Each structure stands twice: as C-alpha cells, then as structure tokens.
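Visitor: Input structure: input_8.cif, which contains mmCIF, C-alpha atoms.
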```
data_run
#
loop_
_atom_site.group_PDB
_atom_site.id
_atom_site.type_symbol
_atom_site.label_atom_id
_atom_site.label_comp_id
_atom_site.auth_asym_id
_atom_site.auth_seq_id
_atom_site.Cartn_x
_atom_site.Cartn_y
_atom_site.Cartn_z
ATOM 1 C CA MET A 1 -2.431 26.029 25.570
ATOM 2 C CA ILE A 2 -0.398 27.875 28.185
ATOM 3 C CA PRO A 3 1.944 30.477 26.628
ATOM 4 C CA PRO A 4 5.633 29.498 26.461
ATOM 5 C CA PHE A 5 7.553 30.112 29.656
ATOM 6 C CA ASN A 6 9.879 33.059 29.209
ATOM 7 C CA LEU A 7 12.326 34.729 31.604
ATOM 8 C CA PRO A 8 13.916 37.708 29.810
ATOM 9 C CA LEU A 9 16.653 39.441 31.812
ATOM 10 C CA LYS A 10 16.197 37.116 34.782
ATOM 11 C CA LYS A 11 18.576 34.311 33.915
ATOM 12 C CA ALA A 12 20.839 34.734 36.942
ATOM 13 C CA TRP A 13 17.921 34.762 39.359
ATOM 14 C CA PHE A 14 16.382 31.779 37.590
ATOM 15 C CA LEU A 15 19.586 29.746 37.863
ATOM 16 C CA LEU A 16 19.768 30.564 41.558
ATOM 17 C CA MET A 17 16.206 29.300 42.003
ATOM 18 C CA LEU A 18 17.106 26.069 40.244
ATOM 19 C CA PHE A 19 19.978 25.548 42.643
ATOM 20 C CA ILE A 20 18.057 26.335 45.826
ATOM 21 C CA PHE A 21 14.725 24.652 45.124
ATOM 22 C CA PRO A 22 14.860 21.105 43.695
ATOM 23 C CA VAL A 23 12.031 19.976 41.466
ATOM 24 C CA GLY A 24 11.440 16.630 43.174
ATOM 25 C CA VAL A 25 10.322 13.457 41.446
ATOM 26 C CA ARG A 26 6.656 12.935 40.633
ATOM 27 C CA SER A 27 5.742 9.360 39.780
ATOM 28 C CA GLN A 28 2.143 9.860 38.569
ATOM 29 C CA THR A 29 1.334 9.404 34.896
ATOM 30 C CA PHE A 30 -1.933 11.343 35.036
ATOM 31 C CA THR A 31 -3.501 14.421 36.570
ATOM 32 C CA LEU A 32 -6.776 14.627 38.475
ATOM 33 C CA ALA A 33 -9.051 17.376 37.211
ATOM 34 C CA ASN A 34 -11.489 17.009 40.126
ATOM 35 C CA ALA A 35 -9.008 16.746 43.000
ATOM 36 C CA PHE A 36 -8.442 19.563 45.505
ATOM 37 C CA ALA A 37 -5.732 19.065 48.124
ATOM 38 C CA HIS A 38 -7.001 20.734 51.291
ATOM 39 C CA ASN A 39 -4.457 21.484 54.010
ATOM 40 C CA ASP A 40 -1.641 20.277 51.755
ATOM 41 C CA TYR A 41 0.913 21.983 54.029
ATOM 42 C CA ARG A 42 0.114 19.477 56.789
ATOM 43 C CA HIS A 43 1.778 16.740 54.787
ATOM 44 C CA LYS A 44 5.477 15.964 55.077
ATOM 45 C CA ARG A 45 6.268 17.502 51.713
ATOM 46 C CA PRO A 46 3.906 20.372 50.963
ATOM 47 C CA LEU A 47 3.132 20.631 47.268
ATOM 48 C CA LEU A 48 5.060 17.506 46.262
ATOM 49 C CA ASP A 49 2.744 15.119 48.116
ATOM 50 C CA ALA A 50 -0.212 16.584 46.240
ATOM 51 C CA GLU A 51 1.659 16.540 42.941
ATOM 52 C CA ASN A 52 2.795 12.956 43.364
ATOM 53 C CA ASN A 53 -0.886 12.039 43.487
ATOM 54 C CA GLY A 54 -1.758 14.114 40.421
ATOM 55 C CA TYR A 55 -3.652 16.944 42.142
ATOM 56 C CA THR A 56 -4.333 20.038 40.054
ATOM 57 C CA HIS A 57 -5.766 22.214 42.854
ATOM 58 C CA ILE A 58 -3.810 22.851 46.051
ATOM 59 C CA GLU A 59 -4.528 25.011 49.111
ATOM 60 C CA ALA A 60 -2.317 26.736 51.666
ATOM 61 C CA ASP A 61 -3.387 28.833 54.674
ATOM 62 C CA VAL A 62 -1.309 31.999 54.904
ATOM 63 C CA PHE A 63 -0.614 34.449 57.741
ATOM 64 C CA LEU A 64 1.117 37.791 57.438
ATOM 65 C CA HIS A 65 3.631 37.550 60.286
ATOM 66 C CA LYS A 66 6.423 40.084 60.757
ATOM 67 C CA GLY A 67 6.328 40.990 57.108
ATOM 68 C CA LYS A 68 6.464 37.368 55.931
ATOM 69 C CA LEU A 69 3.731 35.298 54.338
ATOM 70 C CA VAL A 70 3.894 32.236 56.579
ATOM 71 C CA VAL A 71 2.063 29.007 55.815
ATOM 72 C CA ALA A 72 0.260 27.646 58.898
ATOM 73 C CA HIS A 73 -3.216 26.602 59.928
ATOM 74 C CA ILE A 74 -3.502 28.292 63.330
ATOM 75 C CA ASN A 75 -0.200 29.444 64.813
ATOM 76 C CA PRO A 76 2.474 30.997 62.559
ATOM 77 C CA TYR A 77 4.840 32.029 65.340
ATOM 78 C CA PHE A 78 7.253 29.107 65.142
ATOM 79 C CA LYS A 79 7.057 28.529 61.403
ATOM 80 C CA SER A 80 8.804 31.561 59.957
ATOM 81 C CA LYS A 81 10.805 29.428 57.512
ATOM 82 C CA ARG A 82 7.659 27.805 56.125
ATOM 83 C CA THR A 83 6.793 30.633 53.788
ATOM 84 C CA LEU A 84 4.487 30.713 50.813
ATOM 85 C CA GLU A 85 7.479 31.354 48.605
ATOM 86 C CA ASN A 86 9.651 28.527 49.952
ATOM 87 C CA LEU A 87 6.932 25.879 50.052
ATOM 88 C CA TYR A 88 4.971 26.708 46.928
ATOM 89 C CA LEU A 89 5.880 29.543 44.575
ATOM 90 C CA ALA A 90 9.594 28.846 44.185
ATOM 91 C CA PRO A 91 9.169 25.082 43.591
ATOM 92 C CA LEU A 92 6.323 25.728 41.136
ATOM 93 C CA PHE A 93 8.497 28.232 39.316
ATOM 94 C CA LYS A 94 11.203 25.678 38.846
ATOM 95 C CA GLN A 95 8.802 22.950 37.760
ATOM 96 C CA VAL A 96 7.309 25.195 35.088
ATOM 97 C CA ALA A 97 10.777 25.978 33.776
ATOM 98 C CA ALA A 98 11.675 22.291 33.669
ATOM 99 C CA ASN A 99 8.429 21.184 31.995
ATOM 100 C CA ASN A 100 8.263 23.561 29.018
ATOM 101 C CA GLY A 101 5.840 25.997 30.590
ATOM 102 C CA ASN A 102 3.663 23.571 32.545
ATOM 103 C CA VAL A 103 3.615 22.399 36.157
ATOM 104 C CA TYR A 104 3.172 18.798 34.998
ATOM 105 C CA GLU A 105 4.986 17.579 31.946
ATOM 106 C CA GLY A 106 2.487 17.231 29.110
ATOM 107 C CA TYR A 107 -0.386 18.841 31.055
ATOM 108 C CA ASN A 108 -0.998 22.240 29.486
ATOM 109 C CA LYS A 109 -3.733 23.539 31.768
ATOM 110 C CA PRO A 110 -3.235 25.776 34.817
ATOM 111 C CA VAL A 111 -2.730 24.314 38.262
ATOM 112 C CA THR A 112 -4.639 26.263 40.911
ATOM 113 C CA LEU A 113 -2.926 27.427 44.083
ATOM 114 C CA MET A 114 -5.573 28.609 46.528
ATOM 115 C CA ILE A 115 -4.250 30.989 49.163
ATOM 116 C CA ASP A 116 -6.524 31.042 52.213
ATOM 117 C CA ILE A 117 -5.764 34.362 53.908
ATOM 118 C CA LYS A 118 -5.940 34.107 57.706
ATOM 119 C CA THR A 119 -4.879 37.660 58.613
ATOM 120 C CA ASP A 120 -6.145 41.101 57.600
ATOM 121 C CA ALA A 121 -7.266 40.935 53.979
ATOM 122 C CA GLY A 122 -5.944 44.318 52.829
ATOM 123 C CA LYS A 123 -2.580 44.232 54.593
ATOM 124 C CA THR A 124 -1.905 40.636 53.588
ATOM 125 C CA TYR A 125 -2.807 41.328 49.968
ATOM 126 C CA VAL A 126 -0.381 44.257 49.803
ATOM 127 C CA GLU A 127 2.502 41.930 50.672
ATOM 128 C CA LEU A 128 1.172 39.111 48.549
ATOM 129 C CA LYS A 129 1.046 41.338 45.470
ATOM 130 C CA LYS A 130 4.736 42.127 45.865
ATOM 131 C CA LEU A 131 5.579 38.436 46.046
ATOM 132 C CA LEU A 132 3.386 37.462 43.106
ATOM 133 C CA GLU A 133 5.076 40.038 40.873
ATOM 134 C CA LYS A 134 8.295 38.100 41.343
ATOM 135 C CA TYR A 135 6.640 35.039 39.812
ATOM 136 C CA LYS A 136 4.595 36.863 37.169
ATOM 137 C CA PRO A 137 5.909 34.808 34.202
ATOM 138 C CA ILE A 138 4.131 31.667 35.445
ATOM 139 C CA LEU A 139 0.934 33.208 36.869
ATOM 140 C CA SER A 140 -2.446 33.658 35.214
ATOM 141 C CA SER A 141 -3.334 37.335 34.998
ATOM 142 C CA TYR A 142 -6.067 39.879 34.443
ATOM 143 C CA ASP A 143 -5.168 42.996 32.485
ATOM 144 C CA THR A 144 -7.713 45.652 31.440
ATOM 145 C CA GLY A 145 -10.493 43.207 30.732
ATOM 146 C CA LYS A 146 -8.402 40.333 29.403
ATOM 147 C CA VAL A 147 -7.638 37.133 31.290
ATOM 148 C CA THR A 148 -4.484 35.256 30.279
ATOM 149 C CA MET A 149 -4.117 31.747 31.619
ATOM 150 C CA ARG A 150 -0.617 30.549 32.476
ATOM 151 C CA ALA A 151 0.833 27.584 34.364
ATOM 152 C CA VAL A 152 -0.413 28.585 37.843
ATOM 153 C CA THR A 153 -3.640 30.377 38.779
ATOM 154 C CA ILE A 154 -3.773 32.080 42.171
ATOM 155 C CA VAL A 155 -7.192 32.069 43.857
ATOM 156 C CA LEU A 156 -7.764 33.901 47.136
ATOM 157 C CA SER A 157 -10.022 32.570 49.880
ATOM 158 C CA GLY A 158 -10.529 33.122 53.609
ATOM 159 C CA ASN A 159 -10.260 36.840 54.372
ATOM 160 C CA LYS A 160 -10.721 37.896 50.762
ATOM 161 C CA PRO A 161 -9.614 41.369 49.586
ATOM 162 C CA TYR A 162 -12.625 41.449 47.297
ATOM 163 C CA ASP A 163 -12.863 45.207 46.714
ATOM 164 C CA ASN A 164 -9.100 45.527 46.200
ATOM 165 C CA VAL A 165 -9.124 42.820 43.545
ATOM 166 C CA LYS A 166 -12.303 44.060 41.878
ATOM 167 C CA ASN A 167 -10.946 47.586 41.443
ATOM 168 C CA GLU A 168 -7.563 46.631 39.986
ATOM 169 C CA LYS A 169 -6.979 47.042 36.263
ATOM 170 C CA SER A 170 -4.138 44.522 36.339
ATOM 171 C CA ARG A 171 -3.576 41.701 38.812
ATOM 172 C CA LEU A 172 -2.213 38.211 39.333
ATOM 173 C CA ALA A 173 -4.944 36.866 41.610
ATOM 174 C CA PHE A 174 -8.602 35.877 41.445
ATOM 175 C CA ILE A 175 -11.302 35.321 44.065
ATOM 176 C CA ASP A 176 -12.997 32.220 45.447
ATOM 177 C CA GLU A 177 -16.529 33.493 45.852
ATOM 178 C CA ASP A 178 -19.412 32.220 47.952
ATOM 179 C CA LEU A 179 -21.328 29.588 46.009
ATOM 180 C CA ARG A 180 -24.554 30.697 47.684
ATOM 181 C CA LYS A 181 -24.177 34.199 46.202
ATOM 182 C CA VAL A 182 -23.317 33.349 42.608
ATOM 183 C CA ALA A 183 -26.745 34.364 41.362
ATOM 184 C CA ARG A 184 -26.388 37.959 42.495
ATOM 185 C CA ASP A 185 -22.871 39.238 43.049
ATOM 186 C CA THR A 186 -20.513 37.699 40.518
ATOM 187 C CA ILE A 187 -18.376 40.251 38.693
ATOM 188 C CA ALA A 188 -16.755 39.132 35.482
ATOM 189 C CA ASN A 189 -13.064 38.217 35.610
ATOM 190 C CA VAL A 190 -12.851 38.461 39.419
ATOM 191 C CA ALA A 191 -13.897 34.954 40.443
ATOM 192 C CA GLN A 192 -12.447 31.686 39.193
ATOM 193 C CA MET A 193 -14.059 29.412 41.746
ATOM 194 C CA ALA A 194 -17.240 29.293 43.832
ATOM 195 C CA SER A 195 -17.077 27.454 47.147
ATOM 196 C CA CYS A 196 -19.259 26.691 50.115
ATOM 197 C CA LYS A 197 -19.058 24.625 53.275
ATOM 198 C CA TYR A 198 -20.767 21.308 52.573
ATOM 199 C CA SER A 199 -23.044 21.501 55.627
ATOM 200 C CA LYS A 200 -24.406 24.877 54.507
ATOM 201 C CA LEU A 201 -26.060 23.162 51.540
ATOM 202 C CA LEU A 202 -26.376 19.482 52.435
ATOM 203 C CA LYS A 203 -27.110 17.478 55.570
ATOM 204 C CA TRP A 204 -26.657 14.084 53.886
ATOM 205 C CA LYS A 205 -23.405 12.410 54.933
ATOM 206 C CA GLY A 206 -23.348 9.445 52.591
ATOM 207 C CA ASN A 207 -25.646 7.065 54.466
ATOM 208 C CA GLY A 208 -28.602 5.810 52.472
ATOM 209 C CA THR A 209 -29.841 7.968 49.590
ATOM 210 C CA ILE A 210 -29.615 11.730 49.313
ATOM 211 C CA SER A 211 -33.027 13.406 49.320
ATOM 212 C CA PRO A 212 -34.264 14.697 45.940
ATOM 213 C CA ARG A 213 -34.685 18.149 47.476
ATOM 214 C CA GLU A 214 -31.072 18.390 48.635
ATOM 215 C CA LYS A 215 -29.755 17.038 45.358
ATOM 216 C CA GLN A 216 -31.784 19.500 43.314
ATOM 217 C CA ARG A 217 -30.639 22.374 45.510
ATOM 218 C CA LEU A 218 -26.990 21.519 44.910
ATOM 219 C CA CYS A 219 -27.532 21.035 41.187
ATOM 220 C CA ASN A 220 -29.177 24.459 40.938
ATOM 221 C CA TYR A 221 -26.217 26.197 42.563
ATOM 222 C CA VAL A 222 -23.775 24.302 40.371
ATOM 223 C CA THR A 223 -25.668 25.360 37.244
ATOM 224 C CA MET A 224 -25.598 29.016 38.260
ATOM 225 C CA ALA A 225 -21.883 28.920 39.040
ATOM 226 C CA HIS A 226 -21.061 27.231 35.740
ATOM 227 C CA LYS A 227 -22.992 29.917 33.846
ATOM 228 C CA ASN A 228 -20.576 32.418 35.403
ATOM 229 C CA GLY A 229 -17.569 30.324 34.410
ATOM 230 C CA ASP A 230 -16.725 29.306 37.991
ATOM 231 C CA GLN A 231 -15.547 25.915 39.163
ATOM 232 C CA VAL A 232 -17.553 24.592 42.112
ATOM 233 C CA ARG A 233 -16.008 23.290 45.341
ATOM 234 C CA LEU A 234 -17.621 22.069 48.563
ATOM 235 C CA TRP A 235 -15.274 22.197 51.533
ATOM 236 C CA ALA A 236 -15.454 20.200 54.767
ATOM 237 C CA SER A 237 -17.445 17.549 52.922
ATOM 238 C CA PRO A 238 -17.596 13.986 54.315
ATOM 239 C CA ASP A 239 -14.554 12.054 53.079
ATOM 240 C CA ASN A 240 -16.325 8.986 51.726
ATOM 241 C CA LYS A 241 -16.976 7.470 48.320
ATOM 242 C CA ALA A 242 -20.758 7.797 48.457
ATOM 243 C CA VAL A 243 -20.559 11.564 48.924
ATOM 244 C CA TRP A 244 -17.794 11.941 46.350
ATOM 245 C CA LYS A 245 -19.788 10.046 43.732
ATOM 246 C CA GLU A 246 -22.992 11.957 44.404
ATOM 247 C CA ILE A 247 -21.533 15.446 44.250
ATOM 248 C CA LEU A 248 -19.658 14.604 41.056
ATOM 249 C CA SER A 249 -22.959 13.499 39.527
ATOM 250 C CA CYS A 250 -24.371 16.928 40.401
ATOM 251 C CA GLY A 251 -21.580 18.637 38.481
ATOM 252 C CA VAL A 252 -19.377 19.683 41.406
ATOM 253 C CA ASP A 253 -15.944 20.248 39.859
ATOM 254 C CA LEU A 254 -13.635 19.885 42.832
ATOM 255 C CA ILE A 255 -13.655 17.356 45.653
ATOM 256 C CA ASN A 256 -11.989 18.837 48.712
ATOM 257 C CA THR A 257 -10.005 16.329 50.801
ATOM 258 C CA ASP A 258 -7.187 15.729 53.264
ATOM 259 C CA LYS A 259 -7.063 12.075 52.156
ATOM 260 C CA LEU A 260 -4.928 12.471 49.070
ATOM 261 C CA VAL A 261 -4.378 8.808 48.228
ATOM 262 C CA ALA A 262 -7.952 7.694 48.972
ATOM 263 C CA LEU A 263 -9.439 10.343 46.691
ATOM 264 C CA LYS A 264 -6.876 9.620 43.996
ATOM 265 C CA ASP A 265 -7.766 5.938 44.047
ATOM 266 C CA PHE A 266 -11.471 6.764 43.873
ATOM 267 C CA LEU A 267 -11.095 9.112 40.913
ATOM 268 C CA VAL A 268 -8.865 6.669 39.082
ATOM 269 C CA SER A 269 -11.533 3.997 39.559
ATOM 270 C CA GLN A 270 -14.162 6.365 38.127
ATOM 271 C CA LYS A 271 -12.041 7.091 35.044
ATOM 272 C CA THR A 272 -13.918 10.339 34.505
ATOM 273 C CA SER A 273 -11.456 12.982 35.600
ATOM 274 C CA LEU A 274 -8.083 11.832 34.344
ATOM 275 C CA ALA A 275 -5.785 13.573 31.908
ATOM 276 C CA ALA A 276 -2.507 12.150 30.687
ATOM 277 C CA SER A 277 0.489 14.141 31.835
ATOM 278 C CA ASN A 278 3.676 12.346 30.846
#
```
Could you write out this structure as structure tokens?
Guide:
Amino acid sequence: MIPPFNLPLKKAWFLLMLFIFPVGVRSQTFTLANAFAHNDYRHKRPLLDAENNGYTHIEADVFLHKGKLVVAHINPYFKSKRTLENLYLAPLFKQVAANNGNVYEGYNKPVTLMIDIKTDAGKTYVELKKLLEKYKPILSSYDTGKVTMRAVTIVLSGNKPYDNVKNEKSRLAFIDEDLRKVARDTIANVAQMASCKYSKLLKWKGNGTISPREKQRLCNYVTMAHKNGDQVRLWASPDNKAVWKEILSCGVDLINTDKLVALKDFLVSQKTSLAASN
C-alpha cells in the first residue's frame, strides 16, 4: 500500500498546481502491469495517452538544455516549453492528490516514470535532483538502506549517473541496469529494472518458432534479474503478438512499445496482466 499523500506547509503551491495542470480524464477501468510506453512524448498528449490505455510504465527522453530538463528524442532546441516538469511531474503530482495517493484511482502500486538521459549524466542528474525534491511527497525513495515505495518511481536510463546514485545515502531515483550484467554488478537498492536491446539477446522476430537455445538464454537472464528484485524489459523488440506472447512466457515483465492501443488490446485478450483500477 502506498503511504497516504501528504503536503504539509505546501498548500498554496499545491493549489496553484491544481489550477495550472488539469488532471485529464482517463477512461480505462484497468491497469496493465506488463505495459511500457516507449517514446510516450511523441504522442499528442504525453502521459495522458499512456494513462488512458492503462500503462503503468512510461518513458521520456530528457536533455539538459539551458538549465532546463527538456523532453525530446533528438533535438531539444525548439522544445523549451516541453519540460519534464510540465509534461510529466506536475500532472502526476495532481493526479496523486486527486486519487488518494495513487496515480490511478484504486491502483495502489507505483507507476514507473523512466527518464532516459540524453545529455551528460552527472550534469543532468544535478538538475534533475533539484526538480525531484520538489515532488518528493509522491516519489519512491531510498534512505540509508531503506526503500519506501510511493505513487511514482523514477528510474534512470540512457546516460546513467550510476556512481552518483550508488554513493548517495538518500535519493529519489533508481537505475535501469543492463540485463546482461545482472549476474555480476547489481548493487542492492540501486536498480529497479534490468533492460536490454532485444537484438542483443534474440534474433527471432516472431516468424515460425523461437529456437530452444534463444528461449533458454532469455529465461536464464530473466531468472537472474528476478533474483535481484529487478523487473525485466526488452527494448526495440518487434511489435507483434508472437513476440509479445513468447517473451511473456519467459517471464519478461515489461513489453516495450510505441503501439499503445495494439499492446493494450493484446494484454487485455491475454487476461494475465490486468489489475482493476476504478
């Protein structure tokens, strides 16, 4: 159960956030435990498009540009208003306040916001830490050996400030580690997820039957990651039902996709990864 949402001494700021950032209407009646919205910011309504389809894991690419954390895939220069705060953190903050401490009404598990850092890891993390402190009441945290899960868990990918995060006694962010290294360099309470590019592990693209050797290889990595408490994600995987079904059978936790509706429909048809939310 996520701890109750509490905003002591911040009522005026909170009310301002409610005024500036509308919650939006989400029509789904379930959440998708295995769905990861890749490149969510490319959709017309970043965050809300993923939420309207019940996604519980969402990614945004972030550049440090002129002191701002700008959300963009390649070029941040003309997108200064599309900030991490405006598109994601502020709306999530308001949703948590409106839904009794949860992002989705009735869904009391954390929603993951993956921040894929595209600029210098250290410099970007310095600015990101300042921003995350502003939203501390809703963020999962690590504090002197203890992890406290709240409504939103921040996971860092891309140019990862691994050493910075590892050496902090208190923080509001975790690391997406390399799935291929989980057997040798996992450090407790640093990683929350283990990811790998699909083609680094598998050549099968959904045609015919996956080879026993490839399937066993994936299953072995998944087992190791799960022993460390990490969720497993394969990115840049073929967007087709055959691949989705196979990797789920191997224990992969998160299917990475740009096709939000297609994956939602597939997971609903499987009836294996749904949780009621309202």
Visitor: Within 10 Å of (0.1, 29.9, 33.6) in the file's own coordinates, which protein, DNA or RNA residues have an atom, counting all atoms listed in the file? List them as a list in words.
Guide: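 Residues close enough to count: Met1, Ile2, Pro3, Pro4, Phe5, Val96, Gly101, Asn102, Val103, Asn108, Lys109, Pro110, Val111, Thr112, Lys136, Pro137, Ile138, Leu139, Ser140, Ser141, Thr148, Met149, Arg150, Ala151, Val152, Thr153 and Ile154 of chain A.
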Visitor: Can you work out the spacing between CA of Pro46 in chain A and CA of Lys259 in chain A in Å, to one decimal?
Guide: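 The value is 13.8 Å.
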Visitor: Taking all atoms listed in the file into account, name the residue in A:Ala50, A:Cys196, A:Val155, A:Leu172 that is nearest to Leu263 in chain A.
Guide: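 Under the stated criterion, the closest residue is A:Ala50.
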Visitor: At what distance in Å, to one decimal, does CA of Ser157 in chain A lie from CA of Lys241 in chain A?
Guide: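 Value for the CA of Lys241 in chain A-CA of Ser157 in chain A distance: 26.1 Å.
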Visitor: Could you list the residues chosen by the PyMOL selection byres ((chain A and resi 231) around 9) in this structure as a ChimeraX atom specification?
Guide: /A:192-195,222,225-226,229-230,232-233,252-254
Visitor: Output C-alpha atoms for every residue in the selection just made, as a PDB file, keeping the file's coordinate frame.
Guide:
```
ATOM      1  CA  GLN A 192     -12.447  31.686  39.193  1.00  0.00           C
ATOM      2  CA  MET A 193     -14.059  29.412  41.746  1.00  0.00           C
ATOM      3  CA  ALA A 194     -17.240  29.293  43.832  1.00  0.00           C
ATOM      4  CA  SER A 195     -17.077  27.454  47.147  1.00  0.00           C
ATOM      5  CA  VAL A 222     -23.775  24.302  40.371  1.00  0.00           C
ATOM      6  CA  ALA A 225     -21.883  28.920  39.040  1.00  0.00           C
ATOM      7  CA  HIS A 226     -21.061  27.231  35.740  1.00  0.00           C
ATOM      8  CA  GLY A 229     -17.569  30.324  34.410  1.00  0.00           C
ATOM      9  CA  ASP A 230     -16.725  29.306  37.991  1.00  0.00           C
ATOM     10  CA  VAL A 232     -17.553  24.592  42.112  1.00  0.00           C
ATOM     11  CA  ARG A 233     -16.008  23.290  45.341  1.00  0.00           C
ATOM     12  CA  VAL A 252     -19.377  19.683  41.406  1.00  0.00           C
ATOM     13  CA  ASP A 253     -15.944  20.248  39.859  1.00  0.00           C
ATOM     14  CA  LEU A 254     -13.635  19.885  42.832  1.00  0.00           C
TER      15      LEU A 254
END
```
Visitor: Using only C-alpha atoms for the distances, tell me which of A:Thr124, A:Asn256, A:Thr209, A:Gln216 is nearest to Leu234 in chain A.
Guide: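 The answer is A:Asn256, which sits nearest to Leu234 in chain A.
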Visitor: Can you list, as a PyMOL selection string, the residues that the PyMOL selection byres ((chain A and resi 60) around 6) selects here?
Guide: chain A and resi 59+61+115
Visitor: From the list A:Thr119, A:Asn99, A:Thr144, A:Thr31, which residue is nearest Leu69 in chain A when using all atoms listed in the file?
Guide: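 Ranked by minimum distance to Leu69 in chain A, first place goes to A:Thr119.
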Visitor: Neighbours of Glu168 in chain A within 10 Å (only C-alpha atoms; same-chain residues fewer than 5 positions away dropped), as a ChimeraX atom specification?
Guide: /A:142-144,163,190
Visitor: Can you patch up range 201-220 of chain A, filling it in to N, CA and C atoms, and show the result as a short mmCIF file (atom, residue, chain, number, x, y, z; two decimals), in the frame of the given file?
Guide:
```
data_model
loop_
_atom_site.label_atom_id
_atom_site.label_comp_id
_atom_site.auth_asym_id
_atom_site.auth_seq_id
_atom_site.Cartn_x
_atom_site.Cartn_y
_atom_site.Cartn_z
N LEU A 201 -25.14 23.55 52.61
CA LEU A 201 -26.06 23.16 51.54
C LEU A 201 -26.70 21.79 51.76
N LEU A 202 -25.93 20.87 52.33
CA LEU A 202 -26.38 19.48 52.44
C LEU A 202 -26.22 18.95 53.85
N LYS A 203 -27.18 18.17 54.28
CA LYS A 203 -27.11 17.48 55.57
C LYS A 203 -26.73 16.01 55.38
N TRP A 204 -26.95 15.49 54.20
CA TRP A 204 -26.66 14.08 53.89
C TRP A 204 -25.17 13.81 54.00
N LYS A 205 -24.81 12.72 54.69
CA LYS A 205 -23.40 12.41 54.93
C LYS A 205 -22.94 11.12 54.25
N GLY A 206 -23.76 10.62 53.34
CA GLY A 206 -23.35 9.44 52.59
C GLY A 206 -24.06 8.17 53.00
N ASN A 207 -24.89 8.24 54.02
CA ASN A 207 -25.65 7.06 54.47
C ASN A 207 -27.00 7.04 53.77
N GLY A 208 -27.34 5.89 53.19
CA GLY A 208 -28.60 5.81 52.47
C GLY A 208 -28.57 6.63 51.19
N THR A 209 -29.72 7.21 50.83
CA THR A 209 -29.84 7.97 49.59
C THR A 209 -30.07 9.44 49.89
N ILE A 210 -29.41 10.30 49.15
CA ILE A 210 -29.62 11.73 49.31
C ILE A 210 -31.05 12.09 48.93
N SER A 211 -31.64 13.03 49.63
CA SER A 211 -33.03 13.41 49.32
C SER A 211 -33.08 14.15 47.99
N PRO A 212 -34.13 13.98 47.21
CA PRO A 212 -34.26 14.70 45.94
C PRO A 212 -34.18 16.21 46.11
N ARG A 213 -34.70 16.71 47.23
CA ARG A 213 -34.68 18.15 47.48
C ARG A 213 -33.27 18.67 47.64
N GLU A 214 -32.46 17.96 48.43
CA GLU A 214 -31.07 18.39 48.64
C GLU A 214 -30.28 18.29 47.33
N LYS A 215 -30.49 17.22 46.62
CA LYS A 215 -29.76 17.04 45.36
C LYS A 215 -30.10 18.14 44.36
N GLN A 216 -31.38 18.46 44.25
CA GLN A 216 -31.78 19.50 43.31
C GLN A 216 -31.22 20.86 43.72
N ARG A 217 -31.18 21.11 45.03
CA ARG A 217 -30.64 22.37 45.51
C ARG A 217 -29.18 22.52 45.09
N LEU A 218 -28.39 21.47 45.30
CA LEU A 218 -26.99 21.52 44.91
C LEU A 218 -26.86 21.69 43.41
N CYS A 219 -27.62 20.94 42.65
CA CYS A 219 -27.53 21.04 41.19
C CYS A 219 -27.86 22.44 40.69
N ASN A 220 -28.81 23.09 41.33
CA ASN A 220 -29.18 24.46 40.94
C ASN A 220 -28.02 25.43 41.15
#
```
